[in-house]
>>> print(open('coords34.cif').read())   # mmCIF, C-alpha atoms
data_final
#
loop_
_atom_site.label_atom_id
_atom_site.label_comp_id
_atom_site.auth_asym_id
_atom_site.auth_seq_id
_atom_site.Cartn_x
_atom_site.Cartn_y
_atom_site.Cartn_z
CA MET Y 563 0.00 0.00 0.00
CA LYS Y 564 1.34 3.44 -0.96
CA LEU Y 565 1.21 5.99 1.83
CA TYR Y 566 2.10 9.68 1.97
CA HIS Y 567 3.26 12.20 4.56
CA GLY Y 568 3.19 15.92 3.81
CA SER Y 569 5.88 18.12 5.31
CA ASP Y 570 8.32 20.94 4.64
CA VAL Y 571 11.23 18.47 4.97
CA ILE Y 572 12.16 15.07 3.58
CA VAL Y 573 11.23 12.43 6.14
CA ASP Y 574 13.21 9.35 5.13
CA SER Y 575 13.52 8.11 8.73
CA PRO Y 576 10.18 8.75 10.44
CA LYS Y 577 10.12 9.18 14.21
CA ILE Y 578 7.42 9.14 16.83
CA ILE Y 579 6.74 12.79 17.65
CA LYS Y 580 5.07 13.86 20.88
CA SER Y 581 2.61 16.57 19.93
CA ASN Y 582 1.88 19.59 22.08
CA ARG Y 583 -1.44 20.15 20.33
CA PRO Y 584 -4.55 18.00 20.02
CA LEU Y 585 -4.62 15.52 17.12
CA ASP Y 586 -7.26 13.02 15.96
CA PHE Y 587 -5.48 9.89 17.18
CA GLY Y 588 -2.86 11.36 19.51
CA SER Y 589 0.90 11.62 19.11
CA GLY Y 590 3.06 9.67 16.69
CA PHE Y 591 3.75 9.69 12.95
CA TYR Y 592 0.81 10.20 10.57
CA VAL Y 593 0.45 9.06 6.95
CA THR Y 594 -2.45 8.80 4.51
CA SER Y 595 -3.21 6.94 1.29
CA SER Y 596 -4.40 10.26 -0.20
CA LYS Y 597 -1.70 12.20 -2.01
CA ASN Y 598 -4.01 15.25 -2.03
CA GLN Y 599 -4.43 15.05 1.75
CA ALA Y 600 -0.64 14.87 2.16
CA GLU Y 601 -0.19 17.87 -0.14
CA SER Y 602 -2.67 19.93 1.90
CA ARG Y 603 -0.87 18.93 5.08
CA ALA Y 604 2.52 19.89 3.60
CA LYS Y 605 1.19 23.34 2.71
CA ARG Y 606 -0.13 23.88 6.25
CA VAL Y 607 3.19 22.78 7.78
CA ALA Y 608 5.14 25.06 5.42
CA VAL Y 609 3.00 28.06 6.38
CA ARG Y 610 3.34 27.27 10.10
CA ASN Y 611 7.15 26.93 9.76
CA ASP Y 612 7.52 29.86 7.32
CA SER Y 613 9.05 27.50 4.76
CA LYS Y 614 9.01 27.95 0.99
CA ILE Y 615 9.32 24.26 0.08
CA CYS Y 616 6.90 21.38 0.53
CA TYR Y 617 7.46 17.66 0.20
CA ILE Y 618 5.23 14.68 -0.26
CA ASN Y 619 7.10 11.77 1.28
CA GLN Y 620 6.07 8.40 -0.14
CA TYR Y 621 6.22 5.12 1.74
CA ASP Y 622 5.22 1.52 1.26
CA LEU Y 623 3.43 -0.56 3.87
CA ASP Y 624 2.48 -4.19 3.56
CA LEU Y 625 -0.16 -4.54 6.26
CA SER Y 626 -0.27 -8.35 6.18
CA LYS Y 627 2.69 -8.75 8.54
CA PRO Y 628 1.86 -5.93 10.99
CA GLU Y 629 -1.73 -7.21 11.25
CA LYS Y 630 -0.29 -10.41 12.75
CA GLU Y 631 2.39 -8.80 14.91
CA LEU Y 632 1.09 -5.43 16.11
CA ALA Y 633 -1.81 -4.16 18.14
CA ILE Y 634 -3.99 -2.26 15.64
CA LEU Y 635 -7.09 -0.17 16.23
CA LYS Y 636 -9.08 0.31 13.04
CA PHE Y 637 -12.11 2.48 12.40
CA ASP Y 638 -13.77 1.62 9.07
CA SER Y 639 -15.98 4.70 9.09
CA ALA Y 640 -16.97 7.77 11.07
CA SER Y 641 -18.81 5.79 13.75
CA LYS Y 642 -19.77 6.68 17.32
CA GLU Y 643 -16.59 4.93 18.51
CA TRP Y 644 -14.44 6.93 16.06
CA LEU Y 645 -16.16 10.20 16.99
CA ASP Y 646 -15.70 9.61 20.73
CA PHE Y 647 -12.06 8.59 20.20
CA VAL Y 648 -11.27 11.71 18.14
CA CYS Y 649 -13.06 13.99 20.62
CA SER Y 650 -11.12 12.49 23.54
CA ASN Y 651 -7.80 12.91 21.76
CA ARG Y 652 -8.60 16.46 20.68
CA LYS Y 653 -9.28 17.26 24.33
CA MET Y 654 -5.81 15.84 25.06
CA ARG Y 655 -7.37 12.91 26.93
CA ASN Y 656 -5.58 10.10 25.15
CA ILE Y 657 -7.93 7.28 26.00
CA GLU Y 658 -6.00 4.40 24.46
CA LYS Y 659 -2.27 3.80 24.69
CA ASN Y 660 -2.12 0.07 23.97
CA TYR Y 661 -2.04 0.26 20.16
CA ASP Y 662 0.92 0.36 17.78
CA LEU Y 663 -1.14 1.52 14.79
CA ILE Y 664 -4.42 3.40 14.57
CA ILE Y 665 -6.25 3.52 11.24
CA GLY Y 666 -9.36 5.50 10.37
CA PRO Y 667 -10.91 8.59 8.79
CA VAL Y 668 -9.21 11.95 9.14
CA ALA Y 669 -11.10 14.86 10.65
CA ASP Y 670 -10.23 17.50 8.05
CA ASP Y 671 -11.59 21.06 8.27
CA GLN Y 672 -15.20 20.25 7.31
CA VAL Y 673 -15.28 17.10 9.42
CA PHE Y 674 -13.64 18.95 12.30
CA ALA Y 675 -16.46 21.51 12.27
CA VAL Y 676 -18.95 18.67 12.83
CA VAL Y 677 -16.76 17.22 15.59
CA VAL Y 678 -16.59 20.60 17.36
CA ARG Y 679 -20.36 21.07 17.16
CA TYR Y 680 -20.83 17.55 18.56
CA GLU Y 681 -18.38 18.29 21.41
CA ASN Y 682 -20.16 21.56 22.19
CA GLY Y 683 -23.56 19.87 22.28
CA GLU Y 684 -24.88 21.68 19.18
CA TYR Y 685 -25.30 18.30 17.45
CA ASP Y 686 -26.41 15.13 19.12
CA LEU Y 687 -24.79 11.85 18.10
CA GLU Y 688 -27.39 11.08 15.43
CA GLU Y 689 -27.05 14.52 13.80
CA ALA Y 690 -23.24 14.42 13.88
CA LEU Y 691 -23.09 10.95 12.28
CA LYS Y 692 -25.65 11.99 9.65
CA ARG Y 693 -23.50 15.00 8.70
CA LEU Y 694 -20.32 12.93 8.68
CA LYS Y 695 -21.83 10.40 6.27
CA VAL Y 696 -22.12 13.06 3.54
CA GLU Y 697 -18.48 14.11 3.86
CA LYS Y 698 -15.84 12.51 1.67
CA LEU Y 699 -13.58 11.11 4.36
CA THR Y 700 -9.95 10.37 3.60
CA ASP Y 701 -7.91 8.01 5.72
CA GLN Y 702 -5.04 8.39 8.11
CA ILE Y 703 -2.73 5.92 9.78
CA LEU Y 704 -0.97 6.79 13.00
CA PHE Y 705 2.22 4.95 13.85
CA ARG Y 706 2.37 5.18 17.65
CA THR Y 707 5.44 3.06 18.43
CA LYS Y 708 8.98 2.62 17.15
CA LYS Y 709 8.12 -1.03 16.56
CA SER Y 710 5.30 -0.04 14.17
CA LEU Y 711 7.61 2.25 12.17
CA GLU Y 712 9.80 -0.75 11.28
CA TYR Y 713 7.10 -1.80 8.78
CA LEU Y 714 6.97 1.57 7.00
CA LYS Y 715 9.46 1.74 4.12
CA PHE Y 716 10.50 5.12 2.71
CA GLU Y 717 10.50 5.25 -1.10
CA THR Y 718 10.88 8.83 -2.29
CA ALA Y 719 10.12 12.48 -1.63
CA GLU Y 720 8.58 14.82 -4.18
CA GLU Y 721 9.26 18.54 -3.83
CA PHE Y 722 6.69 21.16 -4.74
CA ARG Y 723 6.01 24.80 -3.98
#
>>> encode(input="coords34.cif", output="structure tokens")
Amino acid sequence: MKLYHGSDVIVDSPKIIKSNRPLDFGSGFYVTSSKNQAESRAKRVAVRNDSKICYINQYDLDLSKPEKELAILKFDSASKEWLDFVCSNRKMRNIEKNYDLIIGPVADDQVFAVVVRYENGEYDLEEALKRLKVEKLTDQILFRTKKSLEYLKFETAEEFR
């Protein structure tokens, strides 16, 4: 499976990064199967770091071996479990630390707006899930442990501006 990570640097040796801000699945190293999602991420990172260059780092992951050897949490869709997990992590209440990999939809800007309204009580669970179903959700994979990163193989980095 081809995976991408957007950044303002080449990331040929990914590391587990402890984040000081709330993220969907908590701290670690994030990738996606969507090149467009990685490109958007690279642009945001470049703006935040006042950088002029962006990179889409490409990796390969064969999930057959990690599925047998790692603890994996997988969300197939924007379900109640996914929504509660994302909300907990975004409140910096990391509710699950026993997984090496976490796979599921990414809460991009439009999805995040629904998540915030759900957290604030503006939407109940039924309304939030109904709104999430109409969004085109891309995926993300969080590598939470050094052990999990051993399965991720760097291939190339593509520069763009």
>>> resolve_selection(input="coords34.cif", expression="the PyMOL selection byres ((chain Y and resi 620) around 7)", output="number ranges by chain")
Y: 564-567, 618-619, 621, 716-719
>>> resolve_selection(input="coords34.cif", expression="the PyMOL selection byres ((chain Y and resi 721) around 7)", output="list of chain:residue names")
Y:Ile615, Y:Cys616, Y:Tyr617, Y:Ile618, Y:Ala719, Y:Glu720, Y:Phe722
>>> resolve_selection(input="coords34.cif", expression="the PyMOL selection byres ((chain Y and resi 579) around 10)", output="list of chain:residue names")
Y:Pro576, Y:Lys577, Y:Ile578, Y:Lys580, Y:Ser581, Y:Asn582, Y:Gly588, Y:Ser589, Y:Gly590, Y:Phe591, Y:Tyr592, Y:Phe705, Y:Arg706, Y:Thr707
>>> atom_distance(input="coords34.cif", atom1="atom CA of Val648 of chain Y", atom2="atom CA of Asp686 of chain Y")
15.6 Å
>>> atom_distance(input="coords34.cif", atom1="atom CA of Ala600 of chain Y", atom2="atom CA of Pro667 of chain Y")
13.7 Å
>>> closest_residue(input="coords34.cif", among="Y:Thr594, Y:Asn611, Y:Ser710, Y:Asn651", to="Val677 of chain Y", atoms="only C-alpha atoms")
Y:Asn651
>>> closest_residue(input="coords34.cif", among="Y:Asp701, Y:Asp646, Y:Asp612, Y:Asp662", to="Glu631 of chain Y", atoms="only C-alpha atoms")
Y:Asp662
>>> residues_near_point(input="coords34.cif", point="(-7.5, 11.4, -2.0)", cutoff="10 Å", atoms="only C-alpha atoms", output="list of chain:residue names")
Y:Thr594, Y:Ser595, Y:Ser596, Y:Lys597, Y:Asn598, Y:Gln599, Y:Ala600, Y:Glu601, Y:Lys698, Y:Leu699, Y:Thr700, Y:Asp701
>>> write_last_selection(input="coords34.cif", atoms="C-alpha atoms", output="PDB file, in the coordinates of the input")
ATOM      1  CA  THR Y 594      -2.450   8.800   4.510  1.00  0.00           C
ATOM      2  CA  SER Y 595      -3.210   6.940   1.290  1.00  0.00           C
ATOM      3  CA  SER Y 596      -4.400  10.260  -0.200  1.00  0.00           C
ATOM      4  CA  LYS Y 597      -1.700  12.200  -2.010  1.00  0.00           C
ATOM      5  CA  ASN Y 598      -4.010  15.250  -2.030  1.00  0.00           C
ATOM      6  CA  GLN Y 599      -4.430  15.050   1.750  1.00  0.00           C
ATOM      7  CA  ALA Y 600      -0.640  14.870   2.160  1.00  0.00           C
ATOM      8  CA  GLU Y 601      -0.190  17.870  -0.140  1.00  0.00           C
ATOM      9  CA  LYS Y 698     -15.840  12.510   1.670  1.00  0.00           C
ATOM     10  CA  LEU Y 699     -13.580  11.110   4.360  1.00  0.00           C
ATOM     11  CA  THR Y 700      -9.950  10.370   3.600  1.00  0.00           C
ATOM     12  CA  ASP Y 701      -7.910   8.010   5.720  1.00  0.00           C
TER      13      ASP Y 701
END
>>> closest_residue(input="coords34.cif", among="Y:Asp622, Y:Asp574, Y:Glu712, Y:Glu688", to="Ala640 of chain Y", atoms="all atoms listed in the file")
Y:Glu688
>>> closest_residue(input="coords34.cif", among="Y:Asp624, Y:Glu689, Y:Glu684, Y:Glu629", to="Ile664 of chain Y", atoms="all atoms listed in the file")
Y:Glu629
>>> closest_residue(input="coords34.cif", among="Y:Ile703, Y:Ile572, Y:Val593, Y:Leu691", to="Glu643 of chain Y", atoms="all atoms listed in the file")
Y:Leu691
>>> residues_near_point(input="coords34.cif", point="(-9.7, 11.2, 22.2)", cutoff="12 Å", atoms="all atoms listed in the file", output="PyMOL selection string")
chain Y and resi 584-589+643-659+677+681
>>> closest_residue(input="coords34.cif", among="Y:Val678, Y:Met563, Y:Leu704, Y:Val571", to="Lys605 of chain Y", atoms="all atoms listed in the file")
Y:Val571
>>> atom_distance(input="coords34.cif", atom1="atom CA of Lys709 of chain Y", atom2="atom CA of Gly568 of chain Y")
21.8 Å
>>> build_atoms(input="coords34.cif", residues="segment 712-723 of chain Y", atoms="N, CA and C atoms", output="compact mmCIF listing (two decimals), in the coordinates of the input")
# COMPACT_ATOMS: atom_id res chain seq x y z
N GLU Y 712 8.92 0.21 11.97
CA GLU Y 712 9.80 -0.75 11.28
C GLU Y 712 9.14 -1.30 10.02
N TYR Y 713 7.83 -1.25 9.93
CA TYR Y 713 7.10 -1.80 8.78
C TYR Y 713 6.90 -0.77 7.67
N LEU Y 714 7.17 0.49 7.96
CA LEU Y 714 6.97 1.57 7.00
C LEU Y 714 8.28 1.81 6.24
N LYS Y 715 8.25 1.64 4.94
CA LYS Y 715 9.46 1.74 4.12
C LYS Y 715 9.42 3.01 3.26
N PHE Y 716 10.39 3.90 3.49
CA PHE Y 716 10.50 5.12 2.71
C PHE Y 716 10.86 4.78 1.28
N GLU Y 717 10.20 5.46 0.32
CA GLU Y 717 10.50 5.25 -1.10
C GLU Y 717 11.10 6.49 -1.74
N THR Y 718 10.41 7.62 -1.61
CA THR Y 718 10.88 8.83 -2.29
C THR Y 718 10.22 10.06 -1.68
N ALA Y 719 10.73 11.22 -2.04
CA ALA Y 719 10.12 12.48 -1.63
C ALA Y 719 10.01 13.37 -2.87
N GLU Y 720 8.84 13.95 -3.04
CA GLU Y 720 8.58 14.82 -4.18
C GLU Y 720 8.46 16.26 -3.69
N GLU Y 721 9.28 17.13 -4.22
CA GLU Y 721 9.26 18.54 -3.83
C GLU Y 721 8.25 19.31 -4.67
N PHE Y 722 7.56 20.24 -4.02
CA PHE Y 722 6.69 21.16 -4.74
C PHE Y 722 6.63 22.46 -3.96
N ARG Y 723 6.12 23.47 -4.61
CA ARG Y 723 6.01 24.80 -3.98
C ARG Y 723 4.58 25.27 -4.00
